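> So here's input_16.pdb (PDB, C-alpha atoms and all ligand atoms).
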```
ATOM      1  CA  MET A   1     226.541 264.320 -55.686  1.00  0.00           C
ATOM      2  CA  ILE A   2     223.938 266.852 -54.494  1.00  0.00           C
ATOM      3  CA  LYS A   3     223.101 269.908 -56.526  1.00  0.00           C
ATOM      4  CA  PHE A   4     220.505 272.604 -55.936  1.00  0.00           C
ATOM      5  CA  GLN A   5     220.065 274.667 -59.090  1.00  0.00           C
ATOM      6  CA  ASP A   6     218.213 277.988 -59.001  1.00  0.00           C
ATOM      7  CA  ILE A   7     215.855 276.699 -56.332  1.00  0.00           C
ATOM      8  CA  ALA A   8     212.961 278.742 -55.044  1.00  0.00           C
ATOM      9  CA  LYS A   9     210.296 277.628 -52.600  1.00  0.00           C
ATOM     10  CA  GLU A  10     207.118 279.458 -51.705  1.00  0.00           C
ATOM     11  CA  TYR A  11     204.600 278.537 -49.037  1.00  0.00           C
ATOM     12  CA  ASN A  12     201.280 280.294 -49.583  1.00  0.00           C
ATOM     13  CA  ASP A  13     202.845 283.288 -51.328  1.00  0.00           C
ATOM     14  CA  LEU A  14     205.618 283.497 -48.736  1.00  0.00           C
ATOM     15  CA  MET A  15     209.018 283.068 -50.389  1.00  0.00           C
ATOM     16  CA  VAL A  16     211.030 280.913 -47.979  1.00  0.00           C
ATOM     17  CA  LEU A  17     213.920 280.004 -50.301  1.00  0.00           C
ATOM     18  CA  SER A  18     215.150 281.840 -53.361  1.00  0.00           C
ATOM     19  CA  ASN A  19     218.064 281.692 -55.754  1.00  0.00           C
ATOM     20  CA  ILE A  20     219.578 278.647 -54.060  1.00  0.00           C
ATOM     21  CA  ASN A  21     222.597 277.262 -55.907  1.00  0.00           C
ATOM     22  CA  LEU A  22     224.553 274.743 -53.920  1.00  0.00           C
ATOM     23  CA  GLU A  23     226.726 271.757 -54.699  1.00  0.00           C
ATOM     24  CA  ILE A  24     227.768 269.198 -52.136  1.00  0.00           C
ATOM     25  CA  LYS A  25     230.366 266.577 -52.984  1.00  0.00           C
ATOM     26  CA  GLU A  26     230.496 263.012 -51.816  1.00  0.00           C
ATOM     27  CA  GLY A  27     232.240 262.692 -48.454  1.00  0.00           C
ATOM     28  CA  GLU A  28     231.870 266.337 -47.429  1.00  0.00           C
ATOM     29  CA  PHE A  29     230.990 267.491 -43.911  1.00  0.00           C
ATOM     30  CA  LEU A  30     228.953 270.646 -44.087  1.00  0.00           C
ATOM     31  CA  PHE A  31     227.332 272.904 -41.525  1.00  0.00           C
ATOM     32  CA  LEU A  32     224.132 274.676 -42.457  1.00  0.00           C
ATOM     33  CA  VAL A  33     223.705 277.743 -40.266  1.00  0.00           C
ATOM     34  CA  GLY A  34     221.393 280.719 -40.060  1.00  0.00           C
ATOM     35  CA  PRO A  35     218.681 282.095 -37.802  1.00  0.00           C
ATOM     36  CA  SER A  36     215.492 280.234 -37.075  1.00  0.00           C
ATOM     37  CA  GLY A  37     213.145 280.561 -40.040  1.00  0.00           C
ATOM     38  CA  ALA A  38     216.023 281.025 -42.519  1.00  0.00           C
ATOM     39  CA  GLY A  39     214.952 277.972 -44.522  1.00  0.00           C
ATOM     40  CA  LYS A  40     217.344 275.224 -43.376  1.00  0.00           C
ATOM     41  CA  THR A  41     214.684 272.591 -42.706  1.00  0.00           C
ATOM     42  CA  THR A  42     212.882 273.436 -45.930  1.00  0.00           C
ATOM     43  CA  LEU A  43     216.114 272.896 -47.877  1.00  0.00           C
ATOM     44  CA  ILE A  44     216.479 269.454 -46.284  1.00  0.00           C
ATOM     45  CA  LYS A  45     212.836 268.582 -47.003  1.00  0.00           C
ATOM     46  CA  LEU A  46     213.285 269.505 -50.661  1.00  0.00           C
ATOM     47  CA  LEU A  47     216.279 267.189 -50.940  1.00  0.00           C
ATOM     48  CA  ILE A  48     214.312 264.146 -49.762  1.00  0.00           C
ATOM     49  CA  ARG A  49     211.186 265.235 -51.677  1.00  0.00           C
ATOM     50  CA  GLU A  50     209.076 265.850 -48.593  1.00  0.00           C
ATOM     51  CA  GLU A  51     208.375 269.140 -50.335  1.00  0.00           C
ATOM     52  CA  LEU A  52     208.557 270.154 -53.978  1.00  0.00           C
ATOM     53  CA  PRO A  53     210.373 273.302 -55.124  1.00  0.00           C
ATOM     54  CA  THR A  54     208.406 276.147 -56.685  1.00  0.00           C
ATOM     55  CA  ALA A  55     211.217 276.614 -59.221  1.00  0.00           C
ATOM     56  CA  GLY A  56     214.575 275.086 -60.040  1.00  0.00           C
ATOM     57  CA  GLU A  57     216.045 271.603 -60.016  1.00  0.00           C
ATOM     58  CA  ILE A  58     217.604 269.396 -57.409  1.00  0.00           C
ATOM     59  CA  TYR A  59     219.919 266.568 -58.392  1.00  0.00           C
ATOM     60  CA  TYR A  60     221.044 263.627 -56.328  1.00  0.00           C
ATOM     61  CA  ASP A  61     223.662 261.814 -58.410  1.00  0.00           C
ATOM     62  CA  SER A  62     221.926 261.304 -61.749  1.00  0.00           C
ATOM     63  CA  TRP A  63     218.425 261.660 -60.333  1.00  0.00           C
ATOM     64  CA  GLU A  64     216.423 264.814 -60.669  1.00  0.00           C
ATOM     65  CA  VAL A  65     214.680 264.653 -57.327  1.00  0.00           C
ATOM     66  CA  SER A  66     211.464 266.460 -58.297  1.00  0.00           C
ATOM     67  CA  LYS A  67     210.928 264.141 -61.229  1.00  0.00           C
ATOM     68  CA  LEU A  68     211.576 260.825 -59.523  1.00  0.00           C
ATOM     69  CA  PRO A  69     208.702 258.417 -59.840  1.00  0.00           C
ATOM     70  CA  HIS A  70     206.939 257.703 -56.558  1.00  0.00           C
ATOM     71  CA  GLN A  71     208.183 254.149 -56.366  1.00  0.00           C
ATOM     72  CA  GLN A  72     211.780 255.401 -56.232  1.00  0.00           C
ATOM     73  CA  LEU A  73     211.240 257.669 -53.212  1.00  0.00           C
ATOM     74  CA  PRO A  74     211.963 254.945 -50.633  1.00  0.00           C
ATOM     75  CA  GLN A  75     215.330 254.383 -52.312  1.00  0.00           C
ATOM     76  CA  LEU A  76     216.104 258.121 -52.257  1.00  0.00           C
ATOM     77  CA  ARG A  77     215.191 258.287 -48.577  1.00  0.00           C
ATOM     78  CA  ARG A  78     217.263 255.256 -47.846  1.00  0.00           C
ATOM     79  CA  GLU A  79     220.335 256.833 -49.417  1.00  0.00           C
ATOM     80  CA  ILE A  80     219.708 260.175 -47.709  1.00  0.00           C
ATOM     81  CA  GLY A  81     219.000 259.590 -44.027  1.00  0.00           C
ATOM     82  CA  VAL A  82     217.601 262.522 -42.085  1.00  0.00           C
ATOM     83  CA  VAL A  83     217.448 262.881 -38.330  1.00  0.00           C
ATOM     84  CA  PHE A  84     214.786 265.496 -37.611  1.00  0.00           C
ATOM     85  CA  GLN A  85     214.467 267.424 -34.382  1.00  0.00           C
ATOM     86  CA  ASP A  86     211.511 265.357 -33.206  1.00  0.00           C
ATOM     87  CA  PHE A  87     213.550 262.114 -33.620  1.00  0.00           C
ATOM     88  CA  LYS A  88     210.601 260.067 -34.960  1.00  0.00           C
ATOM     89  CA  LEU A  89     211.318 257.105 -32.662  1.00  0.00           C
ATOM     90  CA  LEU A  90     208.795 254.304 -32.194  1.00  0.00           C
ATOM     91  CA  PRO A  91     207.614 254.831 -28.600  1.00  0.00           C
ATOM     92  CA  GLN A  92     206.339 251.288 -28.029  1.00  0.00           C
ATOM     93  CA  LYS A  93     209.583 249.664 -29.099  1.00  0.00           C
ATOM     94  CA  THR A  94     212.877 249.320 -27.223  1.00  0.00           C
ATOM     95  CA  ALA A  95     216.091 250.856 -28.545  1.00  0.00           C
ATOM     96  CA  LEU A  96     217.078 247.508 -30.050  1.00  0.00           C
ATOM     97  CA  GLU A  97     213.638 247.005 -31.600  1.00  0.00           C
ATOM     98  CA  ASN A  98     213.692 250.531 -33.015  1.00  0.00           C
ATOM     99  CA  VAL A  99     216.850 249.662 -34.945  1.00  0.00           C
ATOM    100  CA  ARG A 100     215.636 246.178 -35.891  1.00  0.00           C
ATOM    101  CA  PHE A 101     212.481 247.705 -37.324  1.00  0.00           C
ATOM    102  CA  VAL A 102     214.505 249.742 -39.833  1.00  0.00           C
ATOM    103  CA  LEU A 103     216.637 246.728 -40.719  1.00  0.00           C
ATOM    104  CA  ASP A 104     213.441 244.777 -41.336  1.00  0.00           C
ATOM    105  CA  VAL A 105     212.019 247.516 -43.570  1.00  0.00           C
ATOM    106  CA  ILE A 106     215.141 247.519 -45.738  1.00  0.00           C
ATOM    107  CA  GLY A 107     214.880 243.772 -46.148  1.00  0.00           C
ATOM    108  CA  LYS A 108     217.375 242.277 -43.709  1.00  0.00           C
ATOM    109  CA  ASN A 109     216.356 238.815 -42.528  1.00  0.00           C
ATOM    110  CA  PRO A 110     215.909 238.036 -38.801  1.00  0.00           C
ATOM    111  CA  GLU A 111     219.418 236.587 -38.428  1.00  0.00           C
ATOM    112  CA  GLU A 112     220.952 239.669 -40.011  1.00  0.00           C
ATOM    113  CA  GLN A 113     218.817 241.898 -37.807  1.00  0.00           C
ATOM    114  CA  GLU A 114     219.994 240.044 -34.731  1.00  0.00           C
ATOM    115  CA  GLU A 115     223.605 240.487 -35.722  1.00  0.00           C
ATOM    116  CA  LEU A 116     223.472 244.066 -37.005  1.00  0.00           C
ATOM    117  CA  ALA A 117     221.177 245.818 -34.506  1.00  0.00           C
ATOM    118  CA  PRO A 118     223.531 245.446 -31.497  1.00  0.00           C
ATOM    119  CA  GLU A 119     226.506 246.506 -33.652  1.00  0.00           C
ATOM    120  CA  ILE A 120     224.730 249.684 -34.700  1.00  0.00           C
ATOM    121  CA  LEU A 121     223.741 250.450 -31.105  1.00  0.00           C
ATOM    122  CA  LYS A 122     227.374 249.948 -30.128  1.00  0.00           C
ATOM    123  CA  LEU A 123     228.500 252.440 -32.743  1.00  0.00           C
ATOM    124  CA  VAL A 124     226.308 255.122 -31.138  1.00  0.00           C
ATOM    125  CA  ASN A 125     227.273 253.968 -27.658  1.00  0.00           C
ATOM    126  CA  LEU A 126     223.854 252.713 -26.591  1.00  0.00           C
ATOM    127  CA  GLU A 127     224.545 249.021 -25.961  1.00  0.00           C
ATOM    128  CA  ARG A 128     223.681 249.364 -22.285  1.00  0.00           C
ATOM    129  CA  GLN A 129     220.329 250.982 -23.106  1.00  0.00           C
ATOM    130  CA  LYS A 130     219.293 248.414 -25.706  1.00  0.00           C
ATOM    131  CA  ASP A 131     216.206 247.327 -23.771  1.00  0.00           C
ATOM    132  CA  HIS A 132     215.097 250.839 -22.834  1.00  0.00           C
ATOM    133  CA  PHE A 133     212.054 252.417 -24.379  1.00  0.00           C
ATOM    134  CA  PRO A 134     212.429 255.934 -25.809  1.00  0.00           C
ATOM    135  CA  HIS A 135     210.777 257.527 -22.754  1.00  0.00           C
ATOM    136  CA  GLN A 136     213.499 255.952 -20.602  1.00  0.00           C
ATOM    137  CA  LEU A 137     216.298 257.598 -22.589  1.00  0.00           C
ATOM    138  CA  SER A 138     217.876 261.018 -22.020  1.00  0.00           C
ATOM    139  CA  GLY A 139     217.744 263.670 -24.742  1.00  0.00           C
ATOM    140  CA  GLY A 140     221.256 262.817 -25.936  1.00  0.00           C
ATOM    141  CA  GLU A 141     220.467 259.094 -25.930  1.00  0.00           C
ATOM    142  CA  LYS A 142     217.274 259.631 -27.924  1.00  0.00           C
ATOM    143  CA  GLN A 143     219.275 261.651 -30.392  1.00  0.00           C
ATOM    144  CA  ARG A 144     221.839 258.856 -30.729  1.00  0.00           C
ATOM    145  CA  LEU A 145     219.071 256.300 -31.181  1.00  0.00           C
ATOM    146  CA  ALA A 146     217.598 258.431 -33.973  1.00  0.00           C
ATOM    147  CA  ILE A 147     221.043 258.425 -35.605  1.00  0.00           C
ATOM    148  CA  ALA A 148     221.302 254.651 -35.103  1.00  0.00           C
ATOM    149  CA  ARG A 149     218.006 254.230 -36.954  1.00  0.00           C
ATOM    150  CA  ALA A 150     219.248 256.436 -39.775  1.00  0.00           C
ATOM    151  CA  LEU A 151     222.514 254.473 -39.943  1.00  0.00           C
ATOM    152  CA  ALA A 152     220.683 251.155 -40.062  1.00  0.00           C
ATOM    153  CA  ALA A 153     219.559 252.033 -43.587  1.00  0.00           C
ATOM    154  CA  GLU A 154     223.252 252.461 -44.607  1.00  0.00           C
ATOM    155  CA  PRO A 155     222.739 255.982 -45.982  1.00  0.00           C
ATOM    156  CA  LYS A 156     225.262 257.640 -48.275  1.00  0.00           C
ATOM    157  CA  VAL A 157     224.229 261.019 -46.879  1.00  0.00           C
ATOM    158  CA  LEU A 158     223.331 261.677 -43.265  1.00  0.00           C
ATOM    159  CA  ILE A 159     221.572 264.911 -42.411  1.00  0.00           C
ATOM    160  CA  ALA A 160     221.026 266.025 -38.827  1.00  0.00           C
ATOM    161  CA  ASP A 161     218.658 268.934 -38.259  1.00  0.00           C
ATOM    162  CA  GLU A 162     219.688 270.889 -35.138  1.00  0.00           C
ATOM    163  CA  PRO A 163     220.904 267.750 -33.397  1.00  0.00           C
ATOM    164  CA  THR A 164     222.465 269.573 -30.456  1.00  0.00           C
ATOM    165  CA  GLY A 165     219.471 271.800 -29.810  1.00  0.00           C
ATOM    166  CA  MET A 166     218.015 269.935 -26.880  1.00  0.00           C
ATOM    167  CA  ILE A 167     221.002 268.265 -25.292  1.00  0.00           C
ATOM    168  CA  ASP A 168     223.698 269.302 -22.821  1.00  0.00           C
ATOM    169  CA  PRO A 169     227.139 270.452 -24.062  1.00  0.00           C
ATOM    170  CA  ALA A 170     228.933 267.181 -23.215  1.00  0.00           C
ATOM    171  CA  SER A 171     226.331 265.131 -25.108  1.00  0.00           C
ATOM    172  CA  ALA A 172     226.571 267.577 -27.989  1.00  0.00           C
ATOM    173  CA  TRP A 173     230.295 266.929 -28.292  1.00  0.00           C
ATOM    174  CA  ASN A 174     229.745 263.162 -28.143  1.00  0.00           C
ATOM    175  CA  LEU A 175     227.278 263.563 -30.941  1.00  0.00           C
ATOM    176  CA  ILE A 176     229.710 265.565 -33.033  1.00  0.00           C
ATOM    177  CA  ASN A 177     232.387 262.936 -32.532  1.00  0.00           C
ATOM    178  CA  LEU A 178     229.889 260.373 -33.741  1.00  0.00           C
ATOM    179  CA  LEU A 179     228.990 262.398 -36.846  1.00  0.00           C
ATOM    180  CA  ASN A 180     232.698 262.874 -37.526  1.00  0.00           C
ATOM    181  CA  LYS A 181     233.245 259.134 -37.306  1.00  0.00           C
ATOM    182  CA  ILE A 182     230.351 258.499 -39.688  1.00  0.00           C
ATOM    183  CA  ASN A 183     231.873 261.025 -42.084  1.00  0.00           C
ATOM    184  CA  GLU A 184     235.284 259.343 -41.830  1.00  0.00           C
ATOM    185  CA  LEU A 185     233.611 256.031 -42.683  1.00  0.00           C
ATOM    186  CA  GLY A 186     232.626 257.651 -45.981  1.00  0.00           C
ATOM    187  CA  ALA A 187     229.183 259.201 -45.551  1.00  0.00           C
ATOM    188  CA  THR A 188     228.458 262.759 -46.555  1.00  0.00           C
ATOM    189  CA  VAL A 189     227.274 264.602 -43.427  1.00  0.00           C
ATOM    190  CA  ILE A 190     225.152 267.745 -43.346  1.00  0.00           C
ATOM    191  CA  MET A 191     224.345 269.313 -40.022  1.00  0.00           C
ATOM    192  CA  ALA A 192     221.953 272.208 -39.529  1.00  0.00           C
ATOM    193  CA  THR A 193     222.896 273.886 -36.286  1.00  0.00           C
ATOM    194  CA  HIS A 194     222.869 276.899 -34.004  1.00  0.00           C
ATOM    195  CA  ASN A 195     225.802 275.631 -31.993  1.00  0.00           C
ATOM    196  CA  ALA A 196     228.492 278.260 -32.582  1.00  0.00           C
ATOM    197  CA  ALA A 197     231.112 276.541 -30.402  1.00  0.00           C
ATOM    198  CA  ILE A 198     230.942 273.365 -32.443  1.00  0.00           C
ATOM    199  CA  VAL A 199     231.051 275.103 -35.825  1.00  0.00           C
ATOM    200  CA  ASP A 200     233.955 277.306 -34.710  1.00  0.00           C
ATOM    201  CA  THR A 201     235.963 274.358 -33.402  1.00  0.00           C
ATOM    202  CA  LEU A 202     235.468 271.980 -36.310  1.00  0.00           C
ATOM    203  CA  LYS A 203     236.302 274.451 -39.084  1.00  0.00           C
ATOM    204  CA  ARG A 204     234.376 272.713 -41.840  1.00  0.00           C
ATOM    205  CA  ARG A 205     232.503 274.092 -44.797  1.00  0.00           C
ATOM    206  CA  VAL A 206     229.796 276.488 -43.636  1.00  0.00           C
ATOM    207  CA  VAL A 207     226.757 277.438 -45.701  1.00  0.00           C
ATOM    208  CA  GLU A 208     224.776 280.270 -44.139  1.00  0.00           C
ATOM    209  CA  LEU A 209     221.156 280.957 -44.980  1.00  0.00           C
ATOM    210  CA  ASN A 210     219.359 284.167 -44.185  1.00  0.00           C
ATOM    211  CA  GLU A 211     215.781 284.892 -45.161  1.00  0.00           C
ATOM    212  CA  GLY A 212     215.859 282.068 -47.669  1.00  0.00           C
ATOM    213  CA  ARG A 213     219.074 283.014 -49.432  1.00  0.00           C
ATOM    214  CA  ILE A 214     222.598 281.681 -49.224  1.00  0.00           C
ATOM    215  CA  VAL A 215     224.576 284.590 -47.808  1.00  0.00           C
ATOM    216  CA  ARG A 216     227.839 282.703 -47.247  1.00  0.00           C
ATOM    217  CA  ASP A 217     229.504 279.517 -48.447  1.00  0.00           C
ATOM    218  CA  GLN A 218     232.867 279.257 -46.787  1.00  0.00           C
ATOM    219  CA  LYS A 219     235.507 276.568 -46.629  1.00  0.00           C
ATOM    220  CA  GLU A 220     236.713 275.983 -43.076  1.00  0.00           C
ATOM    221  CA  GLY A 221     234.324 278.652 -41.856  1.00  0.00           C
ATOM    222  CA  GLY A 222     233.163 279.712 -38.407  1.00  0.00           C
ATOM    223  CA  TYR A 223     229.617 280.155 -37.139  1.00  0.00           C
ATOM    224  CA  ALA A 224     229.663 283.876 -37.868  1.00  0.00           C
ATOM    225  CA  ALA A 225     231.171 285.477 -40.952  1.00  0.00           C
ATOM    226  CA  SER A 226     234.783 286.551 -40.449  1.00  0.00           C
TER     227      SER A 226
HETATM  228  P1  LIG B   1     214.750 276.906 -40.331  1.00  0.00           P
HETATM  229  O1  LIG B   1     214.883 275.422 -40.436  1.00  0.00           O
HETATM  230  O2  LIG B   1     215.949 277.641 -40.849  1.00  0.00           O
HETATM  231  O3  LIG B   1     214.371 277.365 -38.966  1.00  0.00           O
HETATM  232  P2  LIG B   1     212.363 276.526 -41.937  1.00  0.00           P
HETATM  233  O4  LIG B   1     212.805 275.938 -43.211  1.00  0.00           O
HETATM  234  O5  LIG B   1     211.765 275.633 -40.910  1.00  0.00           O
HETATM  235  O6  LIG B   1     213.562 277.368 -41.310  1.00  0.00           O
HETATM  236  O7  LIG B   1     211.292 277.670 -42.248  1.00  0.00           O
HETATM  237  C1  LIG B   1     211.499 278.683 -43.206  1.00  0.00           C
HETATM  238  C2  LIG B   1     210.228 279.497 -43.346  1.00  0.00           C
HETATM  239  O8  LIG B   1     209.221 278.708 -43.959  1.00  0.00           O
HETATM  240  C3  LIG B   1     209.640 279.988 -42.028  1.00  0.00           C
HETATM  241  O9  LIG B   1     209.160 281.285 -42.216  1.00  0.00           O
HETATM  242  C4  LIG B   1     208.525 279.009 -41.781  1.00  0.00           C
HETATM  243  O10 LIG B   1     207.494 279.609 -41.029  1.00  0.00           O
HETATM  244  C5  LIG B   1     208.052 278.705 -43.192  1.00  0.00           C
HETATM  245  N1  LIG B   1     207.447 277.367 -43.323  1.00  0.00           N
HETATM  246  C6  LIG B   1     208.059 276.196 -43.084  1.00  0.00           C
HETATM  247  N2  LIG B   1     207.241 275.167 -43.328  1.00  0.00           N
HETATM  248  C7  LIG B   1     206.063 275.696 -43.735  1.00  0.00           C
HETATM  249  C8  LIG B   1     204.810 275.143 -44.140  1.00  0.00           C
HETATM  250  N3  LIG B   1     204.601 273.823 -44.183  1.00  0.00           N
HETATM  251  N4  LIG B   1     203.823 276.022 -44.499  1.00  0.00           N
HETATM  252  C9  LIG B   1     204.021 277.347 -44.472  1.00  0.00           C
HETATM  253  N5  LIG B   1     205.199 277.912 -44.107  1.00  0.00           N
HETATM  254  C10 LIG B   1     206.189 277.121 -43.735  1.00  0.00           C
END
```
Would you mind writing the structure in this file as structure tokens?

Amino acid sequence: MIKFQDIAKEYNDLMVLSNINLEIKEGEFLFLVGPSGAGKTTLIKLLIREELPTAGEIYYDSWEVSKLPHQQLPQLRREIGVVFQDFKLLPQKTALENVRFVLDVIGKNPEEQEELAPEILKLVNLERQKDHFPHQLSGGEKQRLAIARALAAEPKVLIADEPTGMIDPASAWNLINLLNKINELGATVIMATHNAAIVDTLKRRVVELNEGRIVRDQKEGGYAAS
């Protein structure tokens, strides 16, 4: 479903990814680990064409991502939902309106928006906060709202970049349970993380990056190499 083939990425002569070969199958749950600066976010940005590779090819199903015409990018980004660390919430809109906005963008009519938005908030356990603005939400709640917005677009792949970075341990586990549920419902889930406890407990596939290279790709791996 996703294939990185001989990918390299340079930023101003600095090689941040090199020799990346990685295949991810539909329905997988994968942890992307590695120290800060290893290239995890860059890898995610390449997949949704926020950046272009310096060399190599990236495939999403039959699409070669770097060659997609511009008008197809919204479709790519609808199929691959990314929750970045800064959440990208709309500050002037309530939780419900934040979700409705996405539903509107993807073409749902007002009746559908009215029906779907509360359901999606329920899935991420935010029904009670539906009328709160982002600044009235805790870190974990903001994170869940960002996931709700990603889910509203019905993505086939959900990517969370360091989702547990700024939240307390209990919220982090709630979040993991949510990502697990989304994965069980059929979505491919990729999570970039520094949370060793979570990676060690879940025992999923672990891809480790270091200085822009894949140094480990392990089935049922832990946070550190064993
Ligand atoms: P990670 O997500 O693993 O922390 P990143 O992909 O964010 O790593 O960064 C990898 C490297 O690329 C870092 O050295 C970072 O400074 C560099 N980098 C990231 N984005 C840019 C950019 N837009 N311009 C120049 N260098 C960048």
> Please identify every residue of chain A that has at least one atom no farther than 7 Å from an atom of ligand LIG 1 (chain B), counting all atoms listed in the file, and for each give the shortest atom pair and the distance in Å to one decimal, arranged by chain then increasing number, as CSV.

```
residue,atom,partner,partner_atom,distance
A:Tyr11,CA,B:LIG1,C9,4.8
A:Asn12,CA,B:LIG1,C9,6.5
A:Val16,CA,B:LIG1,C2,4.9
A:Gly34,CA,B:LIG1,O2,6.3
A:Pro35,CA,B:LIG1,O2,6.0
A:Ser36,CA,B:LIG1,O3,3.6
A:Gly37,CA,B:LIG1,O6,3.5
A:Ala38,CA,B:LIG1,O2,3.8
A:Gly39,CA,B:LIG1,O4,3.2
A:Lys40,CA,B:LIG1,O2,3.8
A:Thr41,CA,B:LIG1,O1,3.6
A:Thr42,CA,B:LIG1,O4,3.7
A:Leu43,CA,B:LIG1,O4,6.5
```
> Would you mind reading off the distance between CA of Arg216 in chain A and CA of Arg49 in chain A, one decimal, in Å?
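So the two atoms, CA of Arg216 in chain A and CA of Arg49 in chain A, lie 24.5 Å apart.
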> Restricting the calculation to only C-alpha atoms, which member of A:Val199, A:Ala95, A:Val157, A:Leu52 is positioned closest to Ile182 in chain A?
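Going through A:Val199, A:Ala95, A:Val157, A:Leu52 one by one, the smallest distance to Ile182 in chain A is for A:Val157.
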> So which one's closest to Ala172 in chain A, A:Arg100, A:Lys130, A:His194, A:Lys156? Using all atoms listed in the file, please.
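Result for the nearest residue to Ala172 in chain A: A:His194.
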> Between A:His70, A:Phe101, A:Asn109, A:Leu179, which is the closest to Leu123 in chain A once you count all atoms listed in the file?
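Using all atoms listed in the file, the shortest distance to Leu123 in chain A belongs to A:Leu179.
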> For each of A:Leu32, A:Leu151, A:Ala225, A:Val207, take the minimum atom-to-atom distance to Leu185 in chain A, counting all atoms listed in the file, then give the residue where this is smallest.
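For Leu185 in chain A, the nearest of the given residues is A:Leu151.
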> Evaluate the PyMOL selection byres (((chain A and resi 158-162) around 9) and not hetatm) and record the selected residues as a PyMOL selection string, following the chain and residue labels used in the document.
chain A and resi 32+40-41+44+79-85+147+150-151+155-157+163-166+179+182-183+187-195
> In Å, rounded to a single decimal, give me how far CA of Ser138 in chain A is from CA of Ile198 in chain A.
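Atom-to-atom, CA of Ile198 in chain A to CA of Ser138 in chain A, that is 20.8 Å.
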> Rank nothing, just name the residue among A:Leu47, A:Gln136, A:Leu68, A:Glu115 nearest to Gln92 in chain A, using only C-alpha atoms.
A:Gln136
> List the residues matched by the PyMOL selection byres (((chain A and resi 25) around 9) and not hetatm) in the displayed structure as a PyMOL selection string, ordered by chain and then by residue number.
chain A and resi 1-3+23-24+26-28+188
> Quick one: distance from CA of Ala197 in chain A to CA of Leu30 in chain A in Å, one decimal?
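If I compute the distance from CA of Ala197 in chain A to CA of Leu30 in chain A, I get 15.1 Å.
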> Run through the PyMOL selection byres (((chain A and resi 89) around 9) and not hetatm) on the given coordinates and return the selected residues as a PyMOL selection string.
chain A and resi 86-88+90-93+95+98+134+142+145-146+149
